[in-house]
Amino acid sequence: MYDISKCYQAKDAADAVRALMEDETAIVISGGTDVLIQVREGKLAGASLISVHGLPELTGIRMDEDGTLVIGAAETFSHITNHPLIQTYAPVLGEAVDTVGGPQIRNMGTIGGNVCNGVTSADSASTLMTFDAVLELFGPEGVRLVPVRDFYLSAKKTVRRQNEILLSVQIPKSEYEGYTGKYIKYGKRNAMEIATLGCAVRVKLSPDHTALEDLRIGFGVAGPVPMRCTETEAAAKGRKLDESLINEIGKGVLAEVHPRSSWRATKEFRLQLVEELVKRAFREAVEKGGGSFDA
Amino acid sequence: MLEILHMNVNGKDVEIPVEPGESLVDTLRNRLHLTSVKKGCEVGECGACTVLIDGEAVDSCLYLSTWAEGKRILTVEGLKAPNGELSRIQQAFVDEAAVQCGFCTPGLILSAVEIVGTGKKYSREELRKLISGHLCRCTGYENILNAMERIVEETYKVAGHE
Amino acid sequence: MGVGESRKRVDAFAKVTGEARYTADLMPEGLLVAKVVHSTIANGWVKSFDLSEALAVPGVVKIVTCMDVPDLPFPTPGHPWSVEPAHQDVRDRKLLNRRVRVYGDDIAAVIAENELAAVRAARLVKAEYEEYAPLLTVEQAMAPEATAVHEEKPGNVLAHSEFTVGEIPYEEAVREDGLTFVDRVYETHPVQHCHLEVPVSYAYEAEGKIVVTTSTQIPHIVRRVISQALGIPVGKIRVIKPYIGGGFGNKQDVLYEPLNAYLCQQVGGRGVKLELTREETLACTRVRHGLKFHLQGAARKDGTLVARKLTVWSNQGGYASHGHAIAANAANMFKQLYQDEKALECECYTVYTNLTTAGAMRGYGIPQSCFATECLTEDMAYAIGMDPLEYRLKNCSKAGYTDPHLGIGFHSYGLEEAMKKGAQWIGWEQKRKDYENQTGPVRRGVGMAIFCYKTGVYPISLETASCRMILNQDGSMQLQMGATEIGQGADTVFTQMAAEVTGITEDNIYIQSTQDTDVTPFDTGAYASRQTYVSGMALKKTGELFREKILDYAAYSTKRAAEDLTIRENQVVEKETGAPVAALAKLAEEAFYSLDRSVHLTAEATAHCKVNTFASGACFAEVEVDIPLAKVRVLKLVNVHDSGTLINPKLAEAQVHGGMSMGLGYALSEEMLYDQKGRPLTDNLLDYKLPTAMDSPDLHVEFVELEDPTGPFGNKALGEPPAIPVAPAVRNAVLHATGVAVDELPLSPGRLSEAFRKAGLM
């Protein structure tokens with residue numbers, strides 16, 4: 001039994017926003033796997049909840065006419081992983097959300113919740129950063145589109161207002177076409193984990209697969225919010241694929257990240273992981289794209 | 001304030017009052033007396049409360065009962081044949097000594113139902129991932145995986161597709 | 001039929017259908033709900049409470065605080081009671097405590113009409129404290145300025161003991177030229193049992209008694225301790241133990257049952273339930289003791305072990321619980337596993353601190369001891385340049401060894417054979433060579449560890465058990481054991497034993513799984529790997545008596561001599577020829593309803609066990625170490641057990657799987673962590689890293705099955721041993737792979753990365 005003052009099941013997105021406007025203390029609940037835990041811990045005890053659980057407007061995965069991939073915010077992780085569009089056009093995102101918790105949690109937790117709770121360890125977030133995904137927020141003034149790179153303000157704080165809900169996560173065609181990627185989650189266990197570090201790397205190779213046309217590096221838990229390593233990306237663009245490039249990327253990202261020590265892992269160990277994981281993820285992403293480092 | 005919830009549980013339509021903050025595990029245990037649904041952590045970390053909702057394995061502790069409106073719920077109480085015979089999955093758990101204290105067993109059996117229901121063939125490594133949302137302290141998962149492998153294999157032979 | 005067969009569990013059907021009822025499944029409607037209020041400091045006193053806000057929560061019935069409870073300190077460990085005051089368990093806690101000794105100590109309890117009200121009110125209870133510096137390590141607790149956690153133990157040493165083996169002291173024994181020395185500190189940290197079912201109970205008064213239904217391994221001991229804690233006679237208390245979702249030693253302590261009974265009294269005997277959360281279970285019940293060992297050893301170049309010395313400090317936490325027995329047990333195995341040519345010295349300290357109270361956990365000090373002992377053994381073998389297997393075979397205890405102090409011996413001996421079997425399975429010789437001189441970031445290694453483990457607690461404590469058999473009208477049997485099923489398969493093996501002794505087939509034996517102290521014969525319960533041995537003796541004795549009584553009746557009924565008859569497969573038959581004489585069903589019906597001679601055939605007997613025997617075994621592990629990621633993957637793992645005759649081979653193997661998994665968690669990931677204030681950081685199953693299926697390798701099990709002459713069916717200890725040798729085997733395999741000896745558990749990424757960095761590997 002959860003200690004909540006009420007839980008209103010919204011009829012649709014507009015109804016959810018109306019309910020949020022009516023009760024300024026209300027918070028949005030979708031899959032429940034974060035919010036309910038906080039209710040039980042007492043952090044959100046007595047909360048007034050507006051549920052967007054399973055709203056048809058927030059579910060479904062589709063491709064728009066311009067090729068944009070649109071993922072409903074209330075889609076569960078397992079649906080995303082198993083969806084043909086994701087498997088075809090953005091498999092790395094499906095792989096990333098397939099590392100969240102365990103199978104049951106992946107049948108419950110949603111991508112919208114994962115992004116909106118604002119935590120740096122969210123397994124979808126670092127990958128979405130590398131896609132330059134766009135978040136479709138809906139509020140009293142209608143829809144606004146926010147690039148995921150502008151979404152995070154600080155730990156657990158985002159630009160989403162209390163009376164806004166996330167409708168969808170969108171990935172433009174230019175951001176997925178021609179890329180291959182790899183997400184590596186590091187946890188103490190191989191399942192049921194919050195990432196000690198998460199690293200997503202996506203690459204676009206030259207047509208002959210010997211050089212790097214584009215590179216995207218995203219990290220979770222390498223700072224207070226999910227982040228990109230744009231300087232390292234820029235320095236690596238256009239480079240020939242060879243072992244020295246891997247090492248340069250490994251060293252390069254160290255200058256851009258700022259992980260902290262906690263009882264779960266020291267800063268030193270996280271930095272070690274940052275370097276090691278980006279190298280491994282980069283190598284795999286390149287190999288998936290048909291490139292190699294043998295030359 | 002109570003709300004009336006309509007769902008189908010183990011093949012039977014039910015209509016029961018629930019409170020706003022009630023979790024599905026509480027509703028199933030306390031109102032419907034389906035006590036196979038176990039509570040081990042209440043926060044989705046152990047898998048003991050796993051039930052199938054519209055065929056998908058879910059931690060019922062983290063699921064508000066009101067969300068179950070119109071849904072189909074399955075617990076192990078719904079698995080036995082009308083003549084009292086065990087389902088093949090249950091029988092595999094018995095035969096392979098996959099049961100010890102029995103507290104994780106109902107949840108694991110339900111995940112097995114979901115997995116077997118796909119008709120796909122899985123490697124032992126894939127099965128490890130598919131049951132990784134269940135903690136078991138008695139078995140080291142060894143005989144549970146043996147039971148799962150057996151039943152996946154049997155099902156695949158009958159109705160399988162890749 | 002009988003022992004030695006892999007029969008299916010008698011409770012499997014109930015457990016796969018959800019018909020098996022555990023404590024929370026049996027609760028009647030309308031129970032009041034109790035929630036314990038836990039201290040938010042680790043060391044100090046409760047000065048006062050402000051209950052006003054908590055009492056104002058609608059639905060609150062009563063709040064009881066540490067100011068109200070009776071001044072009756074009581075002990076909690078699941079030991080047989082000693083009638084000699086000097087050997088009685090330490091009585092050092094009350095139902096609720098003003099003197100706060102651990103973070104999360106029980107200081108008050110709320111009783112409410114429903115769970116929400118109880119939780120809300122518990123959060124609103126305000127306590128004012130006098131706070132002392134938390135004592136988290138034995139060093140802090142033994143420092144001169146440390147506050148006394150218990151005022152009757154200034155200095156915080158709960159107990160200290162020492163013993164020696166050999167004629168001369170260690171220092172003198174090692175005054176020899178050419179010896180190789182190892183002198184190191186090995187350390188283990190607290191871990192938790194993590195049985196899937198949390199501790200839960202409910203209590204009500206009926207017919208002048210307090211009835212407590214609870215998830216415990218030790219119902220009869222729970223009854224005695226409730227009596228001690230509440231100051232009411234044992235006969236006024238009835239304890240019922242249904243199916244339980246694992247215990248692993250945590251439920252071999254009396255946890256919250258006395259408080260539950262007391263709270264029931266406080267509301268006029270109304271039913272009250274007390275169910276812990278997972279967080280409370282991890283933080284406020286019991287953990288495995290963290291033990292710190294200083295070990296020294298000296299050996300000759302030819303591999304002869306000359307002398308060893310052990311000093312161990314056991315972090316007891318806030319309350320005595322099982323107390324010094326753990327450290328003493330740890331030192332005993334250090335002594336028993338190897339034979340020093342000249343001298344052995346052991347010294348043990350058990351020290352109160354402000355960490356979570358440590359108690360019994362599968363292996364009772366021996367997993368810690370095995371880690372330290374087998375690290376030292378490995379490090380000595382490396383130091384003299386000898387193969388670790390060869391070094392162990394040379395120095396381990398041999399057949400015929402008897403502990404010089406306790407008189408416990410190997411009445412059957414399979415230790416060397418276990419080592420050889422395991423080595424062969426893992427490919428020891430080849431892999432030790434193959435994995436030499438690796439240089440890459442990912443390296444492999446093989447390692448091993450051995451152990452010995454006694455069966456039950458004799459001669460340290462009393463060993464007693466009893467059994468009752470009742471013949472039904474249809475010739476079937478009701479079997480009642482005081483011994484408890486806790487998931488390990490006790491009910492199944494008892495059923496097989498009863499079939500073996502009486503000739504009644506398993507399908508005609510109905511074991512009563514639930515213990516009810518009003519009905520069930522006495523037994524101290526499931527712990528110390530004792531039940532198949534000690535309770536098995538009671539069953540055998542009872543079975544023989546039962547069979548004798550049936551045959552006496554058969555002799556009367558058929559006018560034959562009882563000594564010429566026996567029972568096979570539910571038939572009374574001629575002993576010599578096997579020719580049928582009477583169906584048991586027919587005979588039983590006659591015995592019940594005979595107008596001539598009606599006899600209700602029952603038997604009951606107590607076994608007072610005054611013998612003990614060592615079980616032993618070995619673990620071999622092959623690992624792959626990813627050095628840059630500080631991660632260990634176990635590729636192959638085998639446990640080989642010398643546990644006597646197996647009553648049910650398939651269930652025995654299943655028991656070993658579970659122990660190996662627990663050992664793996666101990667080796668690699670599990671650890672209770674606390675912040676500077678003593679607040680637990682890992683009090684949930686996300687941060688406390690129990691292995692998932694994805695963290696577990698295939699678990700291979702082998703047995704060296706030798707009949708033990710002291711066991712009732714040739715059997716000896718099996719329940720706890722599987723958890724013992726895995727962690728040191730993994731540590732030694734990592735050492736082989738990387739050359740880095742990690743002397744502290746678990747080998748978690750944090751600890752490994754530090755060790756690799758120090759060794760220049762990172």
# chains A, B, ... in the order shown; residues from 1 in each chain; ligands from 1

call {"tool": "closest_atom_pairs", "arguments": {"of": "chain B", "to": "chain A", "cutoff": "9 Å", "atoms": "only C-alpha atoms", "output": "Markdown table"}}
result
| residue | atom | partner | partner_atom | distance |
| --- | --- | --- | --- | --- |
| B:Met1 | CA | A:Lys6 | CA | 9.0 |
| B:Glu19 | CA | A:Met1 | CA | 8.4 |
| B:Pro20 | CA | A:Lys6 | CA | 6.0 |
| B:Gly21 | CA | A:Tyr2 | CA | 4.5 |
| B:Glu22 | CA | A:Met1 | CA | 4.5 |
| B:Ser23 | CA | A:Met1 | CA | 5.7 |
| B:Asp26 | CA | A:Met1 | CA | 6.9 |
| B:Glu42 | CA | A:Ile37 | CA | 8.4 |
| B:Val43 | CA | A:Ile37 | CA | 6.0 |
| B:Gly44 | CA | A:Ile105 | CA | 7.0 |
| B:Glu45 | CA | A:Met192 | CA | 7.1 |
| B:Gly47 | CA | A:Gln104 | CA | 7.6 |
| B:Thr50 | CA | A:Gln104 | CA | 7.5 |
| B:Glu56 | CA | A:Asn107 | CA | 6.8 |
| B:Ala57 | CA | A:Gln104 | CA | 5.4 |
| B:Val58 | CA | A:Gln104 | CA | 4.6 |
| B:Asp59 | CA | A:Gln104 | CA | 5.9 |
| B:Cys61 | CA | A:Met1 | CA | 9.0 |
| B:Leu62 | CA | A:Thr33 | CA | 6.1 |
| B:Tyr63 | CA | A:Gly32 | CA | 6.8 |
| B:Leu64 | CA | A:Gly32 | CA | 8.0 |
| B:Thr66 | CA | A:Gln9 | CA | 8.4 |
| B:Trp67 | CA | A:His53 | CA | 7.3 |
| B:Ser111 | CA | A:Gln104 | CA | 8.6 |
| B:Lys129 | CA | A:Ala191 | CA | 7.7 |
| B:Leu130 | CA | A:Pro103 | CA | 6.2 |
| B:Ile131 | CA | A:Pro103 | CA | 7.2 |
| B:Ser132 | CA | A:Gly102 | CA | 5.7 |
| B:Gly133 | CA | A:Gly102 | CA | 4.3 |
| B:His134 | CA | A:Gly102 | CA | 8.0 |

call {"tool": "interface_residues", "arguments": {"of": "chain C", "to": "chain B", "cutoff": "8 Å", "atoms": "only C-alpha atoms", "output": "number ranges by chain"}}
result
C: 8-9, 12-13, 15-21, 25, 194-198, 243-246, 277-278, 486-489, 650-651, 654-655, 657-662, 684-686, 690-694, 696, 698-699

call {"tool": "write_last_selection", "arguments": {"atoms": "N, CA and C atoms", "output": "CSV table (one decimal), in the first residue's frame"}}
result
chain,number,residue,atom,x,y,z
C,8,LYS,N,11.6,-37.0,-5.6
C,8,LYS,CA,11.2,-35.6,-5.7
C,8,LYS,C,10.7,-35.1,-4.4
C,9,ARG,N,10.9,-33.8,-4.2
C,9,ARG,CA,10.5,-33.2,-2.9
C,9,ARG,C,9.1,-33.4,-2.5
C,12,ALA,N,7.2,-30.2,-3.2
C,12,ALA,CA,7.4,-29.5,-4.5
C,12,ALA,C,6.0,-29.1,-5.1
C,13,PHE,N,5.1,-30.0,-5.1
C,13,PHE,CA,3.8,-29.8,-5.6
C,13,PHE,C,3.1,-28.5,-5.0
C,15,LYS,N,4.6,-26.1,-3.6
C,15,LYS,CA,5.3,-24.9,-3.8
C,15,LYS,C,5.2,-24.4,-5.3
C,16,VAL,N,5.0,-25.3,-6.2
C,16,VAL,CA,4.8,-24.8,-7.6
C,16,VAL,C,3.4,-24.4,-7.9
C,17,THR,N,2.5,-24.7,-7.0
C,17,THR,CA,1.1,-24.3,-7.2
C,17,THR,C,0.6,-23.1,-6.4
C,18,GLY,N,1.5,-22.7,-5.5
C,18,GLY,CA,1.1,-21.6,-4.6
C,18,GLY,C,0.3,-22.1,-3.4
C,19,GLU,N,0.1,-23.4,-3.3
C,19,GLU,CA,-0.7,-24.0,-2.2
C,19,GLU,C,0.1,-23.9,-0.9
C,20,ALA,N,1.5,-23.9,-1.0
C,20,ALA,CA,2.3,-23.9,0.2
C,20,ALA,C,2.1,-22.6,0.9
C,21,ARG,N,1.7,-22.6,2.2
C,21,ARG,CA,1.4,-21.4,2.9
C,21,ARG,C,2.6,-21.0,3.8
C,25,ASP,N,0.9,-15.7,4.5
C,25,ASP,CA,-0.2,-16.3,3.8
C,25,ASP,C,-1.3,-16.8,4.7
C,194,CYS,N,20.0,-12.8,3.2
C,194,CYS,CA,19.1,-12.5,2.1
C,194,CYS,C,18.2,-13.7,1.7
C,195,HIS,N,17.6,-14.4,2.7
C,195,HIS,CA,16.5,-15.3,2.5
C,195,HIS,C,15.5,-14.4,1.8
C,196,LEU,N,14.8,-15.1,0.8
C,196,LEU,CA,13.8,-14.3,0.1
C,196,LEU,C,12.6,-13.8,0.9
C,197,GLU,N,12.2,-14.6,1.9
C,197,GLU,CA,11.1,-14.2,2.7
C,197,GLU,C,11.7,-13.4,3.9
C,198,VAL,N,11.2,-12.2,4.1
C,198,VAL,CA,11.7,-11.4,5.2
C,198,VAL,C,11.2,-12.0,6.5
C,243,TYR,N,5.8,-23.2,6.4
C,243,TYR,CA,6.8,-23.2,5.4
C,243,TYR,C,7.6,-21.8,5.6
C,244,ILE,N,8.9,-21.9,5.4
C,244,ILE,CA,9.6,-20.6,5.4
C,244,ILE,C,10.4,-20.4,4.2
C,245,GLY,N,10.6,-19.1,3.8
C,245,GLY,CA,11.3,-18.8,2.6
C,245,GLY,C,12.7,-18.6,2.9
C,246,GLY,N,13.4,-19.6,3.4
C,246,GLY,CA,14.8,-19.6,3.6
C,246,GLY,C,15.2,-19.0,5.0
C,277,THR,N,10.6,-5.0,6.7
C,277,THR,CA,10.8,-4.6,5.3
C,277,THR,C,12.2,-5.3,5.0
C,278,ARG,N,12.5,-5.3,3.7
C,278,ARG,CA,13.8,-5.7,3.3
C,278,ARG,C,14.9,-4.9,3.9
C,486,ILE,N,13.4,-25.9,6.1
C,486,ILE,CA,13.6,-24.4,5.8
C,486,ILE,C,13.9,-24.2,4.3
C,487,GLY,N,13.6,-25.2,3.5
C,487,GLY,CA,13.9,-25.1,2.1
C,487,GLY,C,15.0,-26.1,1.7
C,488,GLN,N,15.7,-26.6,2.7
C,488,GLN,CA,16.8,-27.5,2.4
C,488,GLN,C,16.4,-28.9,1.9
C,489,GLY,N,15.1,-29.2,2.2
C,489,GLY,CA,14.6,-30.6,1.8
C,489,GLY,C,14.5,-31.5,3.0
C,650,LYS,N,20.0,-36.1,-5.6
C,650,LYS,CA,19.6,-34.9,-6.4
C,650,LYS,C,19.4,-33.7,-5.5
C,651,LEU,N,18.8,-33.9,-4.4
C,651,LEU,CA,18.6,-32.7,-3.5
C,651,LEU,C,19.9,-32.3,-2.8
C,654,ALA,N,21.5,-30.1,-5.2
C,654,ALA,CA,20.8,-28.8,-5.2
C,654,ALA,C,21.3,-28.0,-4.1
C,655,GLN,N,21.4,-28.6,-2.9
C,655,GLN,CA,22.0,-27.9,-1.7
C,655,GLN,C,23.3,-27.3,-2.0
C,657,HIS,N,24.6,-26.5,-5.0
C,657,HIS,CA,24.5,-25.4,-5.9
C,657,HIS,C,24.2,-24.1,-5.1
C,658,GLY,N,23.3,-24.1,-4.2
C,658,GLY,CA,22.9,-22.9,-3.5
C,658,GLY,C,24.1,-22.4,-2.6
C,659,GLY,N,24.8,-23.3,-2.0
C,659,GLY,CA,26.0,-22.9,-1.2
C,659,GLY,C,27.0,-22.3,-2.1
C,660,MET,N,27.2,-22.9,-3.3
C,660,MET,CA,28.3,-22.3,-4.2
C,660,MET,C,27.9,-20.9,-4.6
C,661,SER,N,26.6,-20.7,-4.9
C,661,SER,CA,26.2,-19.4,-5.3
C,661,SER,C,26.4,-18.4,-4.2
C,662,MET,N,26.1,-18.8,-2.9
C,662,MET,CA,26.3,-17.9,-1.8
C,662,MET,C,27.8,-17.6,-1.6
C,684,ASN,N,19.4,-2.6,0.8
C,684,ASN,CA,18.4,-3.0,-0.2
C,684,ASN,C,19.0,-3.9,-1.2
C,685,LEU,N,18.2,-4.6,-2.0
C,685,LEU,CA,18.7,-5.7,-2.8
C,685,LEU,C,19.2,-5.1,-4.2
C,686,LEU,N,19.3,-3.8,-4.3
C,686,LEU,CA,19.9,-3.2,-5.5
C,686,LEU,C,21.4,-2.9,-5.1
C,690,LEU,N,23.6,-9.4,-4.4
C,690,LEU,CA,23.3,-10.9,-4.5
C,690,LEU,C,23.5,-11.3,-6.0
C,691,PRO,N,24.2,-12.4,-6.2
C,691,PRO,CA,24.4,-12.8,-7.6
C,691,PRO,C,23.0,-13.0,-8.3
C,692,THR,N,22.9,-12.5,-9.5
C,692,THR,CA,21.7,-12.8,-10.4
C,692,THR,C,22.1,-14.0,-11.2
C,693,ALA,N,21.2,-14.5,-12.0
C,693,ALA,CA,21.5,-15.7,-12.9
C,693,ALA,C,22.6,-15.3,-13.9
C,694,MET,N,22.7,-14.0,-14.2
C,694,MET,CA,23.7,-13.5,-15.2
C,694,MET,C,25.1,-13.4,-14.5
C,696,SER,N,26.2,-15.9,-12.5
C,696,SER,CA,26.5,-17.2,-12.0
C,696,SER,C,27.0,-18.1,-13.2
C,698,ASP,N,27.9,-22.0,-14.6
C,698,ASP,CA,27.3,-23.3,-14.3
C,698,ASP,C,28.0,-23.9,-13.1
C,699,LEU,N,27.3,-24.5,-12.3
C,699,LEU,CA,27.8,-25.0,-11.0
C,699,LEU,C,27.9,-26.5,-11.1

call {"tool": "select_by_dssp", "arguments": {"residues": "range 160-234 of chain A", "states": "strand (DSSP E or B)", "output": "ChimeraX atom specification"}}
result
/A:165-171,179-186,197-205,211-220,227-228

call {"tool": "write_last_selection", "arguments": {"atoms": "C-alpha atoms", "output": "tab-separated table (two decimals), in the first residue's frame"}}
result
chain	number	residue	atom	x	y	z
A	165	ILE	CA	4.38	15.98	-19.84
A	166	LEU	CA	6.72	14.32	-22.26
A	167	LEU	CA	4.85	13.02	-25.31
A	168	SER	CA	7.63	11.48	-27.31
A	169	VAL	CA	11.31	11.10	-27.93
A	170	GLN	CA	12.24	11.84	-31.54
A	171	ILE	CA	15.29	10.89	-33.52
A	179	TYR	CA	25.70	5.17	-38.04
A	180	THR	CA	26.57	2.16	-35.95
A	181	GLY	CA	26.83	2.25	-32.22
A	182	LYS	CA	27.60	0.50	-28.98
A	183	TYR	CA	26.44	1.09	-25.43
A	184	ILE	CA	28.37	-0.39	-22.54
A	185	LYS	CA	26.96	-0.30	-19.08
A	186	TYR	CA	29.31	-0.98	-16.23
A	197	LEU	CA	29.25	4.23	-15.63
A	198	GLY	CA	27.42	4.17	-18.96
A	199	CYS	CA	29.10	4.86	-22.26
A	200	ALA	CA	27.49	5.16	-25.68
A	201	VAL	CA	29.54	5.57	-28.83
A	202	ARG	CA	28.16	5.99	-32.33
A	203	VAL	CA	30.21	6.27	-35.46
A	204	LYS	CA	29.71	6.97	-39.13
A	205	LEU	CA	32.48	5.61	-41.28
A	211	ALA	CA	38.12	6.70	-41.79
A	212	LEU	CA	35.81	8.25	-39.30
A	213	GLU	CA	33.24	10.61	-40.75
A	214	ASP	CA	31.44	11.30	-37.56
A	215	LEU	CA	31.75	10.31	-33.92
A	216	ARG	CA	29.31	10.69	-31.04
A	217	ILE	CA	30.29	9.93	-27.46
A	218	GLY	CA	27.78	10.00	-24.64
A	219	PHE	CA	28.32	9.22	-20.97
A	220	GLY	CA	26.16	8.61	-17.95
A	227	MET	CA	26.78	14.30	-21.28
A	228	ARG	CA	28.53	14.39	-24.64

call {"tool": "select_by_dssp", "arguments": {"residues": "range 59-230 of chain A", "states": "helix (DSSP H, G or I)", "output": "PyMOL selection string"}}
result
chain A and resi 77-82+84-89+91-97+103-106+111-116+123-130+148-150+173-176+230

call {"tool": "closest_atom_pairs", "arguments": {"of": "chain C", "to": "chain A", "cutoff": "12 Å", "atoms": "only C-alpha atoms", "output": "tab-separated table"}}
result
residue	atom	partner	partner_atom	distance
C:Asn114	CA	A:Met1	CA	9.8
C:Glu115	CA	A:Met1	CA	7.6
C:Leu116	CA	A:Asp3	CA	6.5
C:Ala117	CA	A:Asp3	CA	9.3
C:Ala118	CA	A:Asp3	CA	11.2
C:Val119	CA	A:Asp3	CA	8.9
C:Arg120	CA	A:Asp3	CA	8.4
C:Ala122	CA	A:Gly42	CA	11.5
C:Arg123	CA	A:Gly42	CA	8.7
C:Leu124	CA	A:Gly42	CA	11.5
C:Thr277	CA	A:Arg40	CA	10.9
C:Glu279	CA	A:Glu41	CA	10.2
C:Pro441	CA	A:Glu276	CA	11.1
C:Asp626	CA	A:Glu276	CA	11.0
C:Ile627	CA	A:Glu276	CA	10.5
C:Pro628	CA	A:Glu276	CA	6.8
C:Leu629	CA	A:Leu273	CA	6.6
C:Ala630	CA	A:Phe269	CA	9.2
C:Lys631	CA	A:Lys188	CA	8.3
C:Val632	CA	A:Lys188	CA	10.2
C:Arg633	CA	A:Asn190	CA	10.5
C:Gly665	CA	A:Arg189	CA	10.2
C:Leu668	CA	A:Lys188	CA	9.1
C:Ser669	CA	A:Lys188	CA	7.1
C:Glu670	CA	A:Lys188	CA	10.0
C:Glu671	CA	A:Arg264	CA	11.6
C:Met672	CA	A:Trp263	CA	11.8
C:Leu673	CA	A:Trp263	CA	8.7
C:Tyr674	CA	A:Trp263	CA	9.3
C:Asp675	CA	A:Trp263	CA	8.4
C:Gln676	CA	A:Trp263	CA	11.1
C:Pro680	CA	A:Trp263	CA	11.4
C:Leu681	CA	A:Trp263	CA	8.4
C:Thr682	CA	A:Arg264	CA	9.8
C:Asn684	CA	A:Glu41	CA	11.4
C:Leu685	CA	A:Met192	CA	9.0
C:Leu686	CA	A:Glu193	CA	6.6
C:Asp687	CA	A:Glu193	CA	8.3
C:Tyr688	CA	A:Lys188	CA	10.2
C:Lys689	CA	A:Arg189	CA	7.0
C:Leu690	CA	A:Arg189	CA	8.5
C:Pro691	CA	A:Arg189	CA	7.1
C:Thr692	CA	A:Ala191	CA	6.6
C:Ala693	CA	A:Ala191	CA	8.3
C:Met694	CA	A:Asn190	CA	5.7
C:Asp695	CA	A:Asn190	CA	5.9
C:Ser696	CA	A:Asn190	CA	9.6
C:Pro746	CA	A:Lys188	CA	11.6
C:Leu747	CA	A:Lys188	CA	10.8
C:Ser748	CA	A:Lys188	CA	7.5
C:Pro749	CA	A:Lys188	CA	6.9
C:Gly750	CA	A:Ala265	CA	6.5
C:Arg751	CA	A:Ala265	CA	10.0
C:Leu752	CA	A:Phe269	CA	10.2
C:Ser753	CA	A:Phe269	CA	7.0
C:Glu754	CA	A:Phe269	CA	8.5
C:Ala755	CA	A:Phe269	CA	11.8
C:Phe756	CA	A:Phe269	CA	11.3
C:Arg757	CA	A:Phe269	CA	10.1
C:Met762	CA	A:Gln272	CA	8.7

call {"tool": "atom_distance", "arguments": {"atom1": "CA of Val274 in chain A", "atom2": "CA of Arg731 in chain C"}}
result
26.4 Å
